[in-house]
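Pasting query-v4.tsv here (TSV, C-alpha atoms):
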chain	number	residue	atom	x	y	z
A	273	MET	CA	-20.43	17.01	-41.91
A	274	LEU	CA	-20.20	20.44	-40.36
A	275	GLU	CA	-22.95	19.55	-37.97
A	276	ALA	CA	-21.04	16.51	-36.72
A	277	LEU	CA	-17.96	18.69	-36.28
A	278	ALA	CA	-19.99	21.23	-34.34
A	279	ARG	CA	-21.38	18.49	-32.12
A	280	LEU	CA	-17.87	17.23	-31.40
A	281	GLY	CA	-16.75	20.76	-30.60
A	282	HIS	CA	-19.73	21.22	-28.33
A	283	LEU	CA	-18.87	18.00	-26.51
A	284	GLY	CA	-15.26	19.06	-26.05
A	285	LEU	CA	-16.16	22.52	-24.80
A	286	HIS	CA	-18.78	21.05	-22.48
A	287	ALA	CA	-16.25	18.62	-20.97
A	288	LEU	CA	-13.68	21.40	-20.58
A	289	ALA	CA	-16.23	23.68	-18.92
A	290	ARG	CA	-17.18	20.93	-16.47
A	291	LEU	CA	-13.50	20.29	-15.71
A	292	GLY	CA	-13.03	24.00	-15.06
A	293	ARG	CA	-16.09	24.27	-12.83
A	294	GLY	CA	-14.93	21.17	-10.98
A	295	HIS	CA	-11.54	22.68	-10.23
A	296	LEU	CA	-13.05	26.02	-9.20
A	297	LEU	CA	-15.36	24.17	-6.84
A	298	LEU	CA	-12.42	22.19	-5.43
A	299	LEU	CA	-10.57	25.44	-4.83
A	300	ALA	CA	-13.58	26.92	-3.05
A	301	ILE	CA	-13.94	23.73	-0.96
A	302	LEU	CA	-10.26	23.78	0.05
A	303	SER	CA	-10.42	27.46	0.94
A	304	GLY	CA	-13.09	26.53	3.49
A	305	LEU	CA	-10.60	24.51	5.54
A	306	PRO	CA	-9.78	27.26	8.09
A	307	SER	CA	-13.44	27.82	8.91
A	308	LEU	CA	-13.94	24.05	9.14
A	309	LEU	CA	-11.18	23.81	11.75
A	310	ALA	CA	-13.11	26.32	13.84
A	311	ARG	CA	-16.16	24.02	13.70
A	312	PRO	CA	-14.91	20.43	14.11
A	313	ARG	CA	-18.43	19.17	14.89
A	314	LEU	CA	-19.41	19.56	11.23
A	315	LEU	CA	-16.49	17.35	10.23
A	316	LEU	CA	-17.40	14.82	12.91
A	317	ALA	CA	-20.93	14.51	11.55
A	318	GLN	CA	-19.60	13.86	8.06
A	319	ILE	CA	-17.03	11.29	9.17
A	320	HIS	CA	-19.99	9.59	10.77
A	321	ASN	CA	-21.95	9.82	7.52
A	322	VAL	CA	-19.23	8.58	5.20
A	323	GLY	CA	-17.03	6.52	7.51
A	324	VAL	CA	-18.99	5.00	10.37
A	325	LEU	CA	-22.00	4.09	8.26
A	326	SER	CA	-19.77	2.38	5.68
A	327	VAL	CA	-17.96	0.19	8.21
A	328	LEU	CA	-20.37	-2.72	7.98
A	329	ILE	CA	-20.25	-3.12	4.21
A	330	ILE	CA	-16.46	-2.63	4.22
A	331	VAL	CA	-15.82	-5.19	6.92
A	332	VAL	CA	-18.14	-7.81	5.44
A	333	SER	CA	-16.75	-7.35	1.92
A	334	GLY	CA	-13.18	-7.39	3.24
A	335	LEU	CA	-13.78	-10.64	5.07
A	336	PHE	CA	-15.21	-12.37	2.01
A	337	VAL	CA	-12.63	-10.97	-0.39
A	338	GLY	CA	-9.86	-12.23	1.89
A	339	MET	CA	-11.48	-15.64	2.17
A	340	VAL	CA	-11.93	-15.99	-1.61
A	341	LEU	CA	-8.35	-14.82	-2.23
A	342	SER	CA	-7.13	-17.48	0.14
A	343	LEU	CA	-9.16	-20.24	-1.52
A	344	GLN	CA	-8.16	-19.31	-5.05
A	345	GLY	CA	-4.55	-18.57	-4.13
A	346	HIS	CA	-4.19	-21.91	-2.39
A	347	TYR	CA	-5.48	-23.71	-5.49
A	348	VAL	CA	-2.73	-22.20	-7.67
A	349	LEU	CA	0.08	-22.15	-5.11
A	350	SER	CA	-0.41	-25.75	-4.03
A	351	GLN	CA	0.23	-26.86	-7.60
A	352	PHE	CA	3.73	-25.43	-7.27
A	353	GLY	CA	4.16	-26.76	-3.76
A	354	ALA	CA	4.31	-23.21	-2.45
A	355	SER	CA	1.18	-23.00	-0.32
A	356	GLU	CA	3.27	-21.53	2.54
A	357	SER	CA	3.41	-18.35	0.45
A	358	LEU	CA	-0.37	-18.02	0.74
A	359	GLY	CA	-0.04	-15.38	3.46
A	360	VAL	CA	2.22	-13.22	1.30
A	361	MET	CA	-0.13	-13.49	-1.64
A	362	VAL	CA	-3.25	-12.63	0.34
A	363	ALA	CA	-1.65	-9.77	2.25
A	364	ALA	CA	0.16	-8.26	-0.72
A	365	SER	CA	-2.88	-8.26	-2.97
A	366	LEU	CA	-5.06	-6.82	-0.21
A	367	VAL	CA	-2.70	-4.14	1.03
A	368	ARG	CA	-1.43	-3.02	-2.35
A	369	GLU	CA	-4.48	-3.26	-4.59
A	370	LEU	CA	-7.74	-4.68	-3.38
A	371	GLY	CA	-7.93	-2.80	-0.09
A	372	PRO	CA	-7.69	0.72	-1.52
A	373	VAL	CA	-9.52	-0.02	-4.79
A	374	VAL	CA	-12.48	-2.07	-3.56
A	375	THR	CA	-12.94	0.28	-0.60
A	376	ALA	CA	-13.01	3.25	-2.96
A	377	LEU	CA	-15.55	1.53	-5.22
A	378	LEU	CA	-17.75	0.60	-2.27
A	379	VAL	CA	-17.54	4.06	-0.76
A	380	ALA	CA	-18.36	5.60	-4.14
A	381	GLY	CA	-21.43	3.39	-4.35
A	382	ARG	CA	-22.58	3.73	-0.78
A	383	ALA	CA	-21.49	7.21	0.34
A	384	GLY	CA	-20.60	9.05	-2.87
A	385	SER	CA	-24.01	8.54	-4.44
A	386	ALA	CA	-25.67	9.63	-1.19
A	387	LEU	CA	-23.55	12.80	-1.11
A	388	THR	CA	-24.51	13.66	-4.69
A	389	ALA	CA	-28.19	13.05	-4.08
A	390	GLU	CA	-28.10	15.09	-0.86
A	391	ILE	CA	-26.34	18.09	-2.40
A	392	GLY	CA	-28.40	17.86	-5.58
A	393	LEU	CA	-31.65	17.85	-3.62
A	394	MET	CA	-30.44	20.73	-1.47
A	395	LYS	CA	-29.85	22.62	-4.68
A	396	ALA	CA	-33.21	21.57	-6.19
A	397	THR	CA	-35.11	22.62	-3.08
A	398	GLU	CA	-33.12	25.87	-2.97
A	399	GLN	CA	-31.64	25.18	0.45
A	400	LEU	CA	-28.22	26.20	-0.83
A	401	SER	CA	-29.60	29.52	-2.07
A	402	GLY	CA	-31.39	29.85	1.27
A	403	LEU	CA	-28.08	29.57	3.10
A	404	GLU	CA	-26.60	32.17	0.80
A	405	MET	CA	-29.51	34.51	1.60
A	406	MET	CA	-28.55	34.20	5.27
A	407	ALA	CA	-24.98	35.15	4.38
A	408	VAL	CA	-23.74	31.62	5.05
A	409	ASP	CA	-21.38	30.35	2.36
A	410	PRO	CA	-22.97	27.01	1.36
A	411	ILE	CA	-19.68	25.67	-0.01
A	412	LYS	CA	-17.82	26.26	3.23
A	413	ARG	CA	-20.72	25.15	5.38
A	414	ILE	CA	-22.00	22.14	3.41
A	415	LEU	CA	-19.34	20.96	0.96
A	416	THR	CA	-16.05	21.43	2.84
A	417	PRO	CA	-16.95	19.19	5.82
A	418	ARG	CA	-18.20	16.48	3.45
A	419	PHE	CA	-15.02	16.63	1.39
A	420	PHE	CA	-12.69	16.28	4.35
A	421	GLY	CA	-14.95	13.71	5.98
A	422	GLY	CA	-14.64	11.52	2.89
A	423	LEU	CA	-10.92	12.19	2.50
A	424	LEU	CA	-10.14	11.17	6.08
A	425	SER	CA	-12.49	8.20	6.21
A	426	MET	CA	-11.13	6.48	3.12
A	427	PRO	CA	-7.68	5.39	4.38
A	428	LEU	CA	-9.16	4.21	7.67
A	429	LEU	CA	-11.80	2.17	5.86
A	430	ALA	CA	-9.17	0.74	3.50
A	431	ALA	CA	-6.99	-0.27	6.45
A	432	MET	CA	-9.97	-2.03	8.04
A	433	PHE	CA	-10.73	-3.76	4.75
A	434	SER	CA	-7.17	-5.06	4.42
A	435	ALA	CA	-6.88	-6.11	8.05
A	436	VAL	CA	-10.18	-7.98	8.06
A	437	GLY	CA	-9.29	-9.50	4.68
A	438	VAL	CA	-6.00	-10.84	6.03
A	439	ILE	CA	-7.84	-12.35	8.98
A	440	GLY	CA	-10.42	-13.89	6.65
A	441	GLY	CA	-7.61	-15.28	4.50
A	442	TYR	CA	-5.99	-16.68	7.64
A	443	PHE	CA	-9.16	-18.49	8.69
A	444	VAL	CA	-9.64	-20.11	5.30
A	445	GLY	CA	-5.94	-20.78	4.65
A	446	VAL	CA	-4.94	-22.09	8.05
A	447	GLY	CA	-8.27	-23.27	9.41
A	448	LEU	CA	-9.82	-24.82	6.32
A	449	LEU	CA	-6.99	-25.64	3.93
A	450	GLY	CA	-4.37	-26.59	6.49
A	451	VAL	CA	-1.57	-24.20	5.60
A	452	ASP	CA	1.01	-24.01	8.37
A	453	ASP	CA	0.13	-21.33	10.91
A	454	GLY	CA	3.66	-20.08	11.51
A	455	ALA	CA	4.66	-20.09	7.85
A	456	PHE	CA	1.55	-18.10	6.94
A	457	TRP	CA	2.51	-15.20	9.21
A	458	SER	CA	6.31	-15.36	9.02
A	459	GLN	CA	6.42	-15.47	5.21
A	460	MET	CA	4.01	-12.55	5.18
A	461	GLN	CA	6.09	-10.53	7.61
A	462	SER	CA	9.31	-11.16	5.76
A	463	LYS	CA	7.93	-10.17	2.36
A	464	ILE	CA	5.51	-7.32	3.10
A	465	ASP	CA	7.34	-4.06	3.60
A	466	TRP	CA	5.97	-1.30	5.79
A	467	ARG	CA	7.06	1.62	3.62
A	468	GLU	CA	6.84	-0.04	0.23
A	469	ASP	CA	3.52	-1.84	0.62
A	470	ILE	CA	1.46	-0.47	3.46
A	471	VAL	CA	2.32	3.22	3.28
A	472	ASN	CA	1.87	3.13	-0.50
A	473	GLY	CA	-1.55	1.55	0.03
A	474	VAL	CA	-2.50	4.34	2.43
A	475	ILE	CA	-1.32	6.96	-0.08
A	476	LYS	CA	-3.44	5.27	-2.75
A	477	SER	CA	-6.54	5.32	-0.62
A	478	LEU	CA	-5.98	8.99	0.27
A	479	VAL	CA	-5.86	9.81	-3.45
A	480	PHE	CA	-9.01	7.74	-4.03
A	481	GLY	CA	-10.77	9.43	-1.11
A	482	TRP	CA	-9.92	12.81	-2.60
A	483	VAL	CA	-11.14	11.89	-6.09
A	484	VAL	CA	-14.31	10.05	-5.08
A	485	THR	CA	-15.61	12.75	-2.73
A	486	TRP	CA	-14.60	15.48	-5.15
A	487	ILE	CA	-16.56	13.85	-7.99
A	488	ALA	CA	-19.55	13.21	-5.73
A	489	LEU	CA	-19.66	16.78	-4.45
A	490	PHE	CA	-19.11	18.30	-7.88
A	491	GLU	CA	-21.84	16.19	-9.49
A	492	GLY	CA	-24.26	17.17	-6.74
A	493	HIS	CA	-23.36	20.85	-6.90
A	494	ASP	CA	-23.44	20.87	-10.71
A	495	ALA	CA	-26.67	18.88	-11.05
A	496	ILE	CA	-29.62	20.29	-12.95
A	497	PRO	CA	-31.99	21.13	-10.10
A	498	THR	CA	-34.78	18.76	-11.08
A	499	SER	CA	-35.53	15.24	-9.93
A	500	GLU	CA	-34.31	13.94	-13.30
A	501	GLY	CA	-31.12	16.00	-13.06
A	502	VAL	CA	-30.35	14.71	-9.57
A	503	SER	CA	-30.89	11.10	-10.56
A	504	GLY	CA	-28.62	11.55	-13.58
A	505	ALA	CA	-25.97	13.18	-11.41
A	506	THR	CA	-26.11	10.29	-8.92
A	507	THR	CA	-25.56	7.78	-11.70
A	508	ARG	CA	-22.68	9.82	-13.10
A	509	THR	CA	-21.05	9.95	-9.67
A	510	VAL	CA	-20.87	6.20	-9.39
A	511	VAL	CA	-19.77	5.66	-13.00
A	512	HIS	CA	-17.17	8.42	-13.06
A	513	SER	CA	-15.81	7.58	-9.61
A	514	ALA	CA	-15.39	3.93	-10.54
A	515	LEU	CA	-13.65	4.80	-13.79
A	516	ALA	CA	-11.44	7.40	-12.12
A	517	VAL	CA	-10.46	5.02	-9.33
A	518	LEU	CA	-9.58	2.18	-11.69
A	519	CYS	CA	-7.59	4.39	-14.08
A	520	LEU	CA	-5.80	6.21	-11.26
A	521	ASP	CA	-5.00	2.88	-9.66
A	522	PHE	CA	-3.10	1.83	-12.74
A	523	VAL	CA	-1.18	5.11	-12.84
A	524	LEU	CA	-0.38	4.99	-9.12
A	525	THR	CA	0.68	1.34	-9.29
A	526	ALA	CA	2.93	2.08	-12.24
A	527	LEU	CA	4.49	4.98	-10.33
A	528	MET	CA	4.87	3.16	-7.01
A	529	PHE	CA	5.71	-0.42	-7.92
A	530	GLY	CA	6.65	0.03	-11.56
A	531	ASP	CA	10.40	-0.46	-11.41
B	180	MET	CA	-23.47	9.90	20.59
B	181	ILE	CA	-21.99	10.78	17.20
B	182	GLU	CA	-18.73	11.59	18.91
B	183	ILE	CA	-18.53	8.13	20.44
B	184	LEU	CA	-19.28	6.47	17.11
B	185	VAL	CA	-16.76	8.55	15.22
B	186	GLY	CA	-14.21	7.98	17.96
B	187	ALA	CA	-14.78	4.24	17.77
B	188	PHE	CA	-14.52	4.37	13.98
B	189	MET	CA	-11.24	6.23	14.03
B	190	ALA	CA	-9.86	3.97	16.74
B	191	ALA	CA	-10.84	0.90	14.69
B	192	GLY	CA	-9.16	2.39	11.63
B	193	PHE	CA	-5.94	3.05	13.48
B	194	ILE	CA	-6.02	-0.38	15.11
B	195	ALA	CA	-6.37	-1.91	11.65
B	196	LEU	CA	-3.39	0.12	10.44
B	197	PHE	CA	-1.42	-0.90	13.52
B	198	PHE	CA	-2.30	-4.54	12.88
B	199	LEU	CA	-1.08	-4.21	9.30
B	200	ALA	CA	2.14	-2.58	10.50
B	201	MET	CA	2.97	-5.02	13.26
B	202	LYS	CA	1.46	-8.32	12.23
B	203	VAL	CA	1.47	-8.17	8.43
B	204	SER	CA	4.56	-6.14	7.55
B	205	ASN	CA	8.17	-6.35	8.58
B	206	LEU	CA	8.09	-3.15	10.63
B	207	ASN	CA	8.62	-4.85	14.00
B	208	ALA	CA	11.25	-7.24	12.66
B	209	ASP	CA	13.34	-4.40	11.34
B	210	VAL	CA	16.72	-3.72	12.85
B	211	GLY	CA	16.13	-0.16	11.68
B	212	GLY	CA	18.67	2.46	12.57
B	213	VAL	CA	20.29	0.56	15.42
B	214	GLY	CA	23.15	-1.84	15.12
B	215	TYR	CA	26.74	-1.64	14.02
B	216	ARG	CA	28.01	-1.71	10.44
B	217	ILE	CA	30.57	-4.01	8.95
B	218	SER	CA	31.55	-4.30	5.33
B	219	ALA	CA	32.44	-7.26	3.18
B	220	ARG	CA	33.88	-7.43	-0.33
B	221	PHE	CA	32.58	-9.97	-2.79
B	222	GLU	CA	33.70	-10.89	-6.28
B	223	ASN	CA	30.10	-11.39	-7.28
B	224	VAL	CA	26.96	-10.74	-5.24
B	225	GLY	CA	24.60	-12.51	-7.62
B	226	SER	CA	21.10	-11.21	-7.08
B	227	LEU	CA	21.59	-10.18	-3.45
B	228	LYS	CA	19.24	-7.33	-2.54
B	229	VAL	CA	19.38	-4.52	-0.03
B	230	ARG	CA	17.47	-5.55	3.16
B	231	ALA	CA	18.29	-9.22	2.57
B	232	PRO	CA	18.90	-11.09	5.84
B	233	VAL	CA	22.31	-11.76	7.35
B	234	ALA	CA	22.23	-15.07	9.17
B	235	MET	CA	24.54	-16.88	11.52
B	236	ALA	CA	23.81	-20.55	12.14
B	237	GLY	CA	20.54	-19.90	10.35
B	238	VAL	CA	19.45	-17.18	12.78
B	239	ARG	CA	18.98	-13.69	11.44
B	240	VAL	CA	21.49	-11.35	13.08
B	241	GLY	CA	21.22	-8.35	10.75
B	242	ARG	CA	20.38	-7.03	7.34
B	243	VAL	CA	22.15	-5.92	4.19
B	244	GLU	CA	22.16	-2.14	4.29
B	245	ALA	CA	23.87	-1.18	1.06
B	246	ILE	CA	25.52	-2.75	-1.95
B	247	ASP	CA	28.13	-0.66	-3.78
B	248	PHE	CA	30.68	-1.25	-6.49
B	249	ASP	CA	34.36	-0.49	-5.96
B	250	LYS	CA	35.50	0.83	-9.31
B	251	ASN	CA	39.21	0.46	-8.52
B	252	ARG	CA	39.17	-3.16	-7.43
B	253	TYR	CA	36.14	-4.25	-9.46
B	254	GLU	CA	34.50	-5.78	-6.43
B	255	ALA	CA	31.13	-5.43	-4.78
B	256	VAL	CA	31.20	-3.80	-1.35
B	257	VAL	CA	28.30	-4.94	0.83
B	258	THR	CA	27.53	-3.06	4.02
B	259	LEU	CA	25.91	-5.18	6.72
B	260	ARG	CA	24.08	-3.83	9.72
B	261	ILE	CA	24.32	-6.23	12.63
B	262	ASP	CA	22.04	-6.23	15.63
B	263	PRO	CA	24.01	-4.87	18.63
B	264	ARG	CA	23.03	-7.92	20.70
B	265	PHE	CA	25.39	-9.99	18.57
B	266	ASP	CA	28.68	-8.26	19.32
B	267	THR	CA	30.92	-11.32	19.49
B	268	ILE	CA	31.53	-11.99	15.82
B	269	PRO	CA	35.22	-12.94	15.32
B	270	ASP	CA	37.14	-10.83	12.83
B	271	ASP	CA	38.11	-13.86	10.74
B	272	THR	CA	34.47	-14.77	10.09
B	273	ILE	CA	33.73	-16.00	6.59
B	274	ALA	CA	30.82	-14.38	4.77
B	275	SER	CA	29.14	-16.36	2.01
B	276	ILE	CA	26.18	-15.66	-0.19
B	277	PHE	CA	23.64	-18.46	-0.08
B	278	THR	CA	20.28	-19.04	-1.65
B	279	SER	CA	17.40	-20.12	0.57
B	280	GLY	CA	15.84	-23.06	-1.19
B	281	LEU	CA	16.22	-23.76	-4.85
B	282	LEU	CA	14.51	-20.62	-6.09
B	283	GLY	CA	14.45	-18.54	-2.92
B	284	GLU	CA	16.02	-15.19	-2.26
B	285	GLN	CA	19.70	-14.78	-1.54
B	286	TYR	CA	21.09	-14.01	1.89
B	287	ILE	CA	24.47	-13.70	3.58
B	288	GLY	CA	25.56	-16.47	5.87
B	289	LEU	CA	28.33	-15.84	8.41
B	290	ALA	CA	30.51	-18.74	9.53
B	291	PRO	CA	32.48	-17.75	12.64
B	292	GLY	CA	36.25	-18.11	12.70
B	293	GLY	CA	38.46	-18.83	15.70
B	294	SER	CA	39.87	-15.39	16.40
B	295	GLU	CA	39.63	-13.80	19.85
B	296	ASP	CA	39.17	-10.34	18.36
B	297	TYR	CA	35.63	-9.28	17.70
B	298	LEU	CA	34.32	-7.09	14.92
B	299	ALA	CA	33.20	-3.61	15.89
B	300	ASP	CA	31.49	-0.78	14.02
B	301	GLY	CA	33.30	-0.06	10.75
B	302	GLY	CA	35.04	-3.43	10.70
B	303	SER	CA	35.39	-5.47	7.57
B	304	LEU	CA	35.22	-9.11	6.66
B	305	THR	CA	38.17	-10.18	4.54
B	306	GLN	CA	37.22	-13.75	3.77
B	307	THR	CA	34.22	-13.99	1.53
B	308	GLN	CA	32.67	-16.48	-0.81
B	309	SER	CA	30.75	-15.21	-3.80
B	310	ALA	CA	27.30	-16.15	-4.88
B	311	LEU	CA	26.97	-19.24	-6.98
B	312	VAL	CA	25.88	-18.28	-10.45
B	313	LEU	CA	23.93	-21.11	-12.00
B	314	GLU	CA	25.09	-20.36	-15.55
B	315	GLN	CA	28.75	-20.48	-14.51
B	316	MET	CA	28.23	-23.78	-12.74
B	317	ILE	CA	26.52	-25.30	-15.76
B	318	GLY	CA	29.30	-23.91	-17.97
B	319	GLN	CA	32.01	-25.48	-15.80
B	320	PHE	CA	30.16	-28.76	-15.72
B	321	LEU	CA	29.84	-28.86	-19.50
B	322	PHE	CA	33.48	-27.89	-19.90
B	323	LYS	CA	34.57	-30.73	-17.66
B	324	LYS	CA	32.33	-33.19	-19.47
B	325	ALA	CA	33.86	-32.09	-22.76
B	326	GLU	CA	37.36	-32.61	-21.38
B	327	GLU	CA	36.51	-36.11	-20.21
B	328	GLY	CA	34.79	-37.14	-23.41

Write the structure described by the file as structure tokens, please.
Amino acid sequence: MLEALARLGHLGLHALARLGRGHLLLLAILSGLPSLLARPRLLLAQIHNVGVLSVLIIVVSGLFVGMVLSLQGHYVLSQFGASESLGVMVAASLVRELGPVVTALLVAGRAGSALTAEIGLMKATEQLSGLEMMAVDPIKRILTPRFFGGLLSMPLLAAMFSAVGVIGGYFVGVGLLGVDDGAFWSQMQSKIDWREDIVNGVIKSLVFGWVVTWIALFEGHDAIPTSEGVSGATTRTVVHSALAVLCLDFVLTALMFGD
Amino acid sequence: MIEILVGAFMAAGFIALFFLAMKVSNLNADVGGVGYRISARFENVGSLKVRAPVAMAGVRVGRVEAIDFDKNRYEAVVTLRIDPRFDTIPDDTIASIFTSGLLGEQYIGLAPGGSEDYLADGGSLTQTQSALVLEQMIGQFLFKKAEEG
């Protein structure tokens, strides 16, 4: 009985300690912003790592998600004789939800896991300590550019996802299913609001970019410096990022569109 | 090389955002801050919403900017923002609240009067027709039926 209680207490304290270390690391990462601005090339390399290399998977997934949305949406809408609203449905679901969320999940899987593995291996092979020996702050030099690279890439990737998805939905809806071309766009434009829908989507993806890269960097930096520890940390990055993104999405949606 | 790739990536991201703004959302169709304001009083605005279109002969000439309640006269005061291109609206124009389609959203339709005086900024429409409330119509219909039978 007491043992079980002690185990629970240990779990709670462990989680709290990780939360604390995570926030301290975030603080250290953010305090590296001034020195990052003096070295924009580091940021550029990380935007390349997280953003440019993720474009292909984002664009292809966006295209197919948009096409499937259009097919499924048309099936339901045509039963109510409202297939002209297909454009609104495709665009609203992409811009509000699927764009930010699926992009964040894909980036967590493709770039977040890579970040964790990279940082974890740097720690395991004592490269981070090596930097410290040379009086270079590894957090400012290694983690800060990666954090801001991920943060800035996410909204751009989400915008690409939504835009390509709308185009994919257009091809299937208008080209394949015969929805009226003009109605598709005009209904969309009259119902989708710039501030309410698109800006809120961008805010969502900024929050997701923040959380996903933060989790990835923390897991890498906090990993046990063995091959087993790094592999465990990589798995945790993907699982925790996905959970965090999905839970946060609900909270953000309730705050933004709840009324 | 990396610079070119990152530059292309960022450009593509911003183009996507621009596409969403211009082609997908209503940003370019917005009258925005320009245009002159006129007000109209209605007995009942139904489910009219802010930003609903204001149409004349079926063509959108402005948007609903605000809907307020006059607590002294128990009327709804709707502020309309009209595109400055349409500056020849007679001051005896009738404003009515219509519904687009059977279940569509509500909008304000303007039917021009015969006056030679045009509405300017701050003007008000005196002749209005309230929204049709389905429940009231059904109620009246039933009432009439009961009277007949």

Sort by chain and increasing residue number a table of all residues of chain B within 6 Å of chain A, each with its closest pair of atoms and their distance in Å to one decimal, counting all atoms listed in the file, and write it as a tab-separated table.
residue	atom	partner	partner_atom	distance
B:Val185	CA	A:His320	CA	5.6
B:Phe188	CA	A:Val324	CA	5.8
B:Gly192	CA	A:Leu428	CA	4.4
B:Ala195	CA	A:Met432	CA	5.1
B:Leu196	CA	A:Ala431	CA	5.4
B:Val203	CA	A:Gln461	CA	5.3
B:Ser204	CA	A:Gln461	CA	4.6
B:Asn205	CA	A:Gln461	CA	4.8
B:Leu206	CA	A:Trp466	CA	5.6

Excluding Phe277 (chain B) and its own-chain neighbours fewer than 2 positions away, which residues fall within 9 Å of it when counting all atoms listed in the file? Please give them as a list in words.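 What passes the distance filter is Ser275, Ser279, Glu284, Gln285, Tyr286, Ile287, Gly288, Ser309, Ala310 and Leu311 of chain B.
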
Would you save the residues of that selection, restricted to C-alpha atoms, as a tab-separated table (two decimals), keeping the file's coordinate frame?
chain	number	residue	atom	x	y	z
B	275	SER	CA	29.14	-16.36	2.01
B	279	SER	CA	17.40	-20.12	0.57
B	284	GLU	CA	16.02	-15.19	-2.26
B	285	GLN	CA	19.70	-14.78	-1.54
B	286	TYR	CA	21.09	-14.01	1.89
B	287	ILE	CA	24.47	-13.70	3.58
B	288	GLY	CA	25.56	-16.47	5.87
B	309	SER	CA	30.75	-15.21	-3.80
B	310	ALA	CA	27.30	-16.15	-4.88
B	311	LEU	CA	26.97	-19.24	-6.98

Please tell me which residues are no farther than 9 Å from (-0.7, 1.3, -2.4) in the file, counting only C-alpha atoms, and write them as a VMD selection string. chain A and resid 367 to 369 371 to 372 468 to 477 521 524 to 525 528 to 529

Counting all atoms listed in the file, the residue among B:Asn251, B:Thr278, B:Thr267, B:Thr307 that lies closest to Ser218 (chain B) is B:Thr307

Q: Please work out which residues fall within 7 Å of (23.0, -1.6, -2.0), coordinates as given in the file, with all atoms listed in the file counting, and return them as a PyMOL selection string.
A: chain B and resi 228-229+244-247+257

My list of candidates is A:Val340, A:Ala386, A:Leu315, A:Met361. Which is closest to Phe456 (chain A) when distances are computed with all atoms listed in the file?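 Looking only at the distances to Phe456 (chain A), the closest residue turns out to be A:Met361.
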
Which centre and which edge lengths, in Å to one decimal, describe the axis-aligned box that holds all listed atoms of region 398-403 of chain A after 8 Å is added on each side, as AutoDock Vina command-line options?
--center_x -30.6 --center_y 27.5 --center_z 0.1 --size_x 21.0 --size_y 20.7 --size_z 22.1

Query - Polymer residues at most 6 Å from His346 (chain A), all atoms listed in the file, same-chain spacing of 4 or more positions, as a VMD selection string - result: chain A and resid 342 350 355

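Atom to atom, CA of Ala234 (chain B) and CA of Tyr442 (chain A) stand 28.3 Å apart.
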
Quick one, how far is CA of Gly302 (chain B) from CA of Val243 (chain B)?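 Answer for the CA of Gly302 (chain B) to CA of Val243 (chain B) separation: 14.7 Å.
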